[in-house]
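Visitor: Quick one: the structure is below, and I'll ask about it shortly.
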Amino acid sequence: MPISTPAFLYGTAWKEDRTPALTELALRTGFRGIDTANQRRHYFEAGVGEGLAAAYRTGLVTRDDLFLQTKFTYQGGQDHRLPYDPAADLATQVAQSMASSLEHLASDHVDSYVLHGPASGRGWSGADAEVWSAMVRERDAGRTRLLGVSNVSLRHLEQMAGTGAELPAFVQNRCFARLGWDRDVRAFCAAHRVIYQGFSLLTANPEVFRDRLVAEIARRERATMPQVVFKFALAMGMLPLTGTSDAEHMTQDLASSELTLSPDEVRAIEAISG
Ligand SMILES: NC(=O)c1ccc[n+]([C@@H]2O[C@H](COP(=O)([O-])OP(=O)(O)OC[C@H]3O[C@@H](n4cnc5c(N)ncnc54)[C@H](OP(=O)(O)O)[C@@H]3O)[C@@H](O)[C@H]2O)c1
């Protein structure tokens with residue numbers, strides 16, 4: 001049985017040799033959603049696979065308990081360690097990158113396959129349309145359950161929709177409080193039943209950690225300010241990511257769902273700086 005989307009994702013970027021142990025620790029702490037990418041420059045996807053294998057071996061989880069998400073990254077976002085032949089056409093690169101991901105993760109499918117970023121910041125291009133069609137074919141062949149796009153603007157999404165393309169199940173974006181927590185993109189997602197995945201919720205938003213209301217809520221809830229931010233994200237209907245390397249923070253991040261925020265508090269945090 002395919003599992004549903006978890007409420008929180010554990011992000012595996014920038015962990016290098018610690019990737020296997022931290023992936024396993026995240027699973028032991030209770031995360032069931034793992035985010036990675038076949039982009040060796042920032043991720044060690046094979047290391048994620050090692051962490052999963054260790055968790056399977058000890059009987060902690062089975063593949064069916066997990067939501068595994070990985071990404072296709074254009075050559076411009078990669079270093080020399082490419083998971084595809086750069087001379088091949090884009091559709092072939094997608095197929096090769098997916099095959100390599102499935103090998104790294106020792107699975108016959110992932111749960112979500114994400115276009116790491118469009119080819120250009122200016123708009124949805126012909127190259128993006130070609131890659132997206134290849135990703136749809138991967139989905140139709142059963143190698144991913146769902147599809148997503150990342151690092152997109154409202155313009156990208158509107159242009160993508162304008163081509164008549166199938167819309168993604170997920171948008172994964174850096175979530176800046178000063179842009180109303182990515183208000184425009186979130187509104188598009190809400191209107192089209194797309195799940196918004198927010199990353200850099202802590203690191204992109206230093207002003208939130210100077211906010212008196214957030215500090216007051218943290219005191220009242222006997223919680224930390226990062227937990228208030230994650231609870232806010234959950235209350236807004238986001239699927240948050242955390243990439244913490246700290247065991248206690250892993251526990252705290254998952255436990256943030258237990259905090260209570262009133263609708264007025266959610267509205268006030270939403271308006272902090274946007
Ligand atoms: N699509 C993309 O282009 C893209 C880009 C960036 C990231 N991502 C994904 O998103 C994931 C998360 O990345 P991120 O940018 O959000 O940053 P991050 O790697 O999660 O870093 C968050 C920072 O917050 C700290 N932190 C986490 N929980 C905390 C807590 N409860 N209390 C105090 N500090 C806490 C962490 O420190 P400690 O380690 O000390 O806890 C870390 O310094 C990545 O691993 C990756 O999977 C995707």
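Chains: A, B, ... in order of the structure tokens. Residues: from 1 per chain. Ligands: from 1, in order shown.
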If we count only C-alpha atoms and set the cut-off at 8 Å, which residues sit around stretch 154-156 of chain A, ignoring sequence neighbours fewer than 4 positions away in its own chain? Please answer as number ranges by chain.

Guide: A: 122-124, 160, 184-185, 188

Visitor: Around ligand 1, at most 6 Å away and counting only C-alpha atoms and all ligand atoms, which residues are there? Put them as a list in words, please.

Guide: Gly11, Thr12, Ala13, Asp35, Thr36, His116, Ser150, Asn151, Gln172, Phe199, Ser200, Leu201, Leu202, Thr203, Pro226, Gln227, Leu241, Thr242, Gly243, Thr244, Ser245, Asp246, His249, Gln252 and Asp253 of chain A

Visitor: Using N, CA, C and O atoms, can you write the selected residues to a file as a compact mmCIF listing (two decimals), in the first residue's frame?

Guide:
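For reference, again.txt as written:
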# COMPACT_ATOMS: atom_id res chain seq x y z
N GLY A 11 15.59 16.59 5.84
CA GLY A 11 16.43 16.98 4.70
C GLY A 11 17.87 16.52 4.89
O GLY A 11 18.43 16.65 5.98
N THR A 12 18.47 16.01 3.82
CA THR A 12 19.78 15.37 3.94
C THR A 12 20.91 16.15 3.27
O THR A 12 22.00 15.61 3.06
N ALA A 13 20.68 17.41 2.95
CA ALA A 13 21.73 18.20 2.29
C ALA A 13 22.90 18.47 3.24
O ALA A 13 22.70 18.54 4.46
N ASP A 35 14.13 13.68 2.40
CA ASP A 35 14.35 14.47 1.19
C ASP A 35 15.83 14.39 0.81
O ASP A 35 16.70 14.62 1.65
N THR A 36 16.10 14.08 -0.47
CA THR A 36 17.48 14.08 -0.94
C THR A 36 17.48 14.58 -2.38
O THR A 36 16.48 15.09 -2.89
N HIS A 116 14.62 20.04 -9.45
CA HIS A 116 15.33 20.80 -8.41
C HIS A 116 15.20 22.31 -8.61
O HIS A 116 15.16 23.06 -7.63
N SER A 150 10.76 22.66 -7.64
CA SER A 150 11.41 23.38 -6.54
C SER A 150 12.01 24.68 -7.06
O SER A 150 12.31 24.80 -8.25
N ASN A 151 12.18 25.61 -6.13
CA ASN A 151 12.81 26.90 -6.46
C ASN A 151 12.07 27.60 -7.60
O ASN A 151 12.70 28.07 -8.56
N GLN A 172 8.47 22.85 -3.67
CA GLN A 172 9.42 22.96 -2.56
C GLN A 172 10.21 24.26 -2.73
O GLN A 172 10.97 24.40 -3.70
N PHE A 199 11.43 25.11 2.97
CA PHE A 199 12.75 24.88 3.59
C PHE A 199 13.37 26.22 3.98
O PHE A 199 12.86 27.28 3.62
N SER A 200 14.46 26.13 4.75
CA SER A 200 15.13 27.31 5.32
C SER A 200 14.17 28.15 6.17
O SER A 200 14.32 29.37 6.25
N LEU A 201 13.20 27.47 6.78
CA LEU A 201 12.23 28.19 7.62
C LEU A 201 12.94 28.90 8.79
O LEU A 201 12.49 29.95 9.23
N LEU A 202 14.04 28.31 9.26
CA LEU A 202 14.78 28.93 10.38
C LEU A 202 15.86 29.87 9.86
O LEU A 202 15.95 31.03 10.26
N THR A 203 16.66 29.38 8.92
CA THR A 203 17.85 30.14 8.51
C THR A 203 17.52 31.34 7.62
O THR A 203 18.30 32.30 7.59
N PRO A 226 12.39 27.93 17.39
CA PRO A 226 12.28 27.11 16.17
C PRO A 226 11.03 26.22 16.17
O PRO A 226 10.37 26.05 15.13
N GLN A 227 10.66 25.70 17.34
CA GLN A 227 9.44 24.87 17.39
C GLN A 227 8.20 25.70 17.06
O GLN A 227 7.27 25.20 16.42
N LEU A 241 10.47 21.21 6.09
CA LEU A 241 11.69 20.40 6.10
C LEU A 241 12.60 20.88 7.21
O LEU A 241 12.66 22.09 7.49
N THR A 242 13.29 19.95 7.84
CA THR A 242 14.38 20.31 8.74
C THR A 242 15.59 19.47 8.35
O THR A 242 15.44 18.29 8.03
N GLY A 243 16.74 20.09 8.42
CA GLY A 243 17.95 19.33 8.11
C GLY A 243 18.87 19.27 9.31
O GLY A 243 20.08 19.13 9.16
N THR A 244 18.29 19.35 10.50
CA THR A 244 19.12 19.38 11.70
C THR A 244 20.05 18.16 11.80
O THR A 244 19.69 17.06 11.40
N SER A 245 21.23 18.41 12.36
CA SER A 245 22.19 17.32 12.60
C SER A 245 22.23 16.96 14.07
O SER A 245 23.10 16.20 14.51
N ASP A 246 21.32 17.52 14.85
CA ASP A 246 21.36 17.41 16.30
C ASP A 246 20.19 16.53 16.78
O ASP A 246 19.03 16.77 16.42
N HIS A 249 17.40 18.36 18.59
CA HIS A 249 16.61 19.19 17.67
C HIS A 249 15.69 18.33 16.82
O HIS A 249 14.58 18.73 16.49
N GLN A 252 12.78 17.70 18.99
CA GLN A 252 12.01 18.94 19.17
C GLN A 252 11.25 19.29 17.89
O GLN A 252 10.08 19.71 17.94
N ASP A 253 11.90 19.15 16.74
CA ASP A 253 11.24 19.53 15.48
C ASP A 253 9.98 18.68 15.27
O ASP A 253 8.92 19.20 14.93

Visitor: Excluding stretch 14-21 of chain A and its own-chain neighbours fewer than 3 positions away, which residues fall within 12 Å of it when counting only C-alpha atoms? Please give them as a PyMOL selection string.

Guide: chain A and resi 10-11+24-28+34-37+39-55+104-105+243-247

Visitor: Kindly indicate which residue among A:Asp89, A:Glu207, A:Ser4, A:Thr29 lies nearest to A:Glu248, using only C-alpha atoms for the distances.

Guide: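 Residue with the minimum atom-to-atom distance to A:Glu248: A:Thr29.
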
Visitor: In stretch 34-233 of chain A, what's strand (DSSP E or B) per DSSP? Answer as an NGL selection string?

Guide: :A and (34-35 or 67-72 or 110-115 or 144-150 or 170-174 or 195-199)

Visitor: Between A:Tyr84, A:Asn173, A:Leu261, A:Gly237, which has the minimum distance to A:Glu216 (counting only C-alpha atoms)?

Guide: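 Ranking A:Tyr84, A:Asn173, A:Leu261, A:Gly237 by distance to A:Glu216, first place goes to A:Leu261.
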
Visitor: Going by DSSP on the backbone, which bits of stretch 43-238 of chain A are helix (DSSP H, G or I)? Write them as a ChimeraX atom specification, please.

Guide: /A:45-57,63-65,75-77,90-105,126-140,154-162,177-179,183-191,206-210,212-220,225-235

Visitor: Measuring between only C-alpha atoms, which one of A:Met225, A:Leu239, A:Val171, A:Leu213 shows the shortest distance to A:Gly33?

Guide: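 Distance minimum relative to A:Gly33 lands on A:Leu239.
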
Visitor: Counting only C-alpha atoms, give me one row per residue of stretch 89-112 of chain A with an atom at most 7 Å from an atom of stretch 66-69 of chain A, showing the shortest contact pair and its distance in Å to one decimal, sorted by chain then residue number, as CSV.

Guide:
residue,atom,partner,partner_atom,distance
A:Val110,CA,A:Leu68,CA,5.3
A:Asp111,CA,A:Leu68,CA,5.2
A:Ser112,CA,A:Gln69,CA,4.5

Visitor: Restricting it to N, CA, C and O atoms, dump the selection as a PDB file, in the first residue's frame.

Guide:
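The new file selection19.pdb reads:
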ATOM      1  N   VAL A 110      10.576   5.860  -6.069  1.00  0.00           N
ATOM      2  CA  VAL A 110      10.558   6.863  -4.996  1.00  0.00           C
ATOM      3  C   VAL A 110       9.108   7.308  -4.835  1.00  0.00           C
ATOM      4  O   VAL A 110       8.238   6.959  -5.637  1.00  0.00           O
ATOM      5  N   ASP A 111       8.849   8.074  -3.782  1.00  0.00           N
ATOM      6  CA  ASP A 111       7.478   8.538  -3.554  1.00  0.00           C
ATOM      7  C   ASP A 111       7.250   9.898  -4.190  1.00  0.00           C
ATOM      8  O   ASP A 111       6.122  10.237  -4.546  1.00  0.00           O
ATOM      9  N   SER A 112       8.318  10.674  -4.310  1.00  0.00           N
ATOM     10  CA  SER A 112       8.200  11.984  -4.953  1.00  0.00           C
ATOM     11  C   SER A 112       9.479  12.283  -5.720  1.00  0.00           C
ATOM     12  O   SER A 112      10.582  12.081  -5.200  1.00  0.00           O
TER      13      SER A 112
END

Visitor: Let me make sure I understand: among A:Pro118, A:Gly180, A:Pro240, A:Gly126, which one has the smallest atom-to-atom distance to A:Phe72 if we use only C-alpha atoms?

Guide: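 Closest candidate: A:Pro118.
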
Visitor: For atom CA of A:Cys189 and atom CA of A:Leu234, determine how far apart the two atoms are, in Å to one decimal place.

Guide: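 That distance, rounded to one decimal, is 14.9 Å.
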
Visitor: Separation of atom CA of A:Asp79 and atom CA of A:Arg137, in Å?

Guide: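 Separating atom CA of A:Asp79 from atom CA of A:Arg137 is a distance of 26.3 Å.
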
Visitor: Hey, which of A:Thr70, A:Ser107, A:Thr163, A:Ala119 ends up closest to A:Gly142? Count only C-alpha atoms.

Guide: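 For A:Gly142, the nearest of the given residues is A:Ser107.
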
Visitor: Tell me which of A:Ala191, A:Ala215, A:Ala235, A:Val208 sits closest to A:Glu158, counting only C-alpha atoms.

Guide: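 Closest to A:Glu158, using only C-alpha atoms: A:Ala191.
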
Visitor: When you draw a straight line from atom CA of A:Phe230 to atom CA of A:Asn205, how long is it in Å?

Guide: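 Answer for the atom CA of A:Phe230 to atom CA of A:Asn205 separation: 12.2 Å.
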
Visitor: Please list as a list in words every residue within 9 Å of A:Leu115, counting only C-alpha atoms and excluding residues in the same chain fewer than 4 positions away.

Guide: Thr70, Lys71, Phe72, Thr73, Tyr74, Asp128, Val131, Trp132, Met135, Leu147, Gly148, Val149, Ser150 and Asn151 of chain A
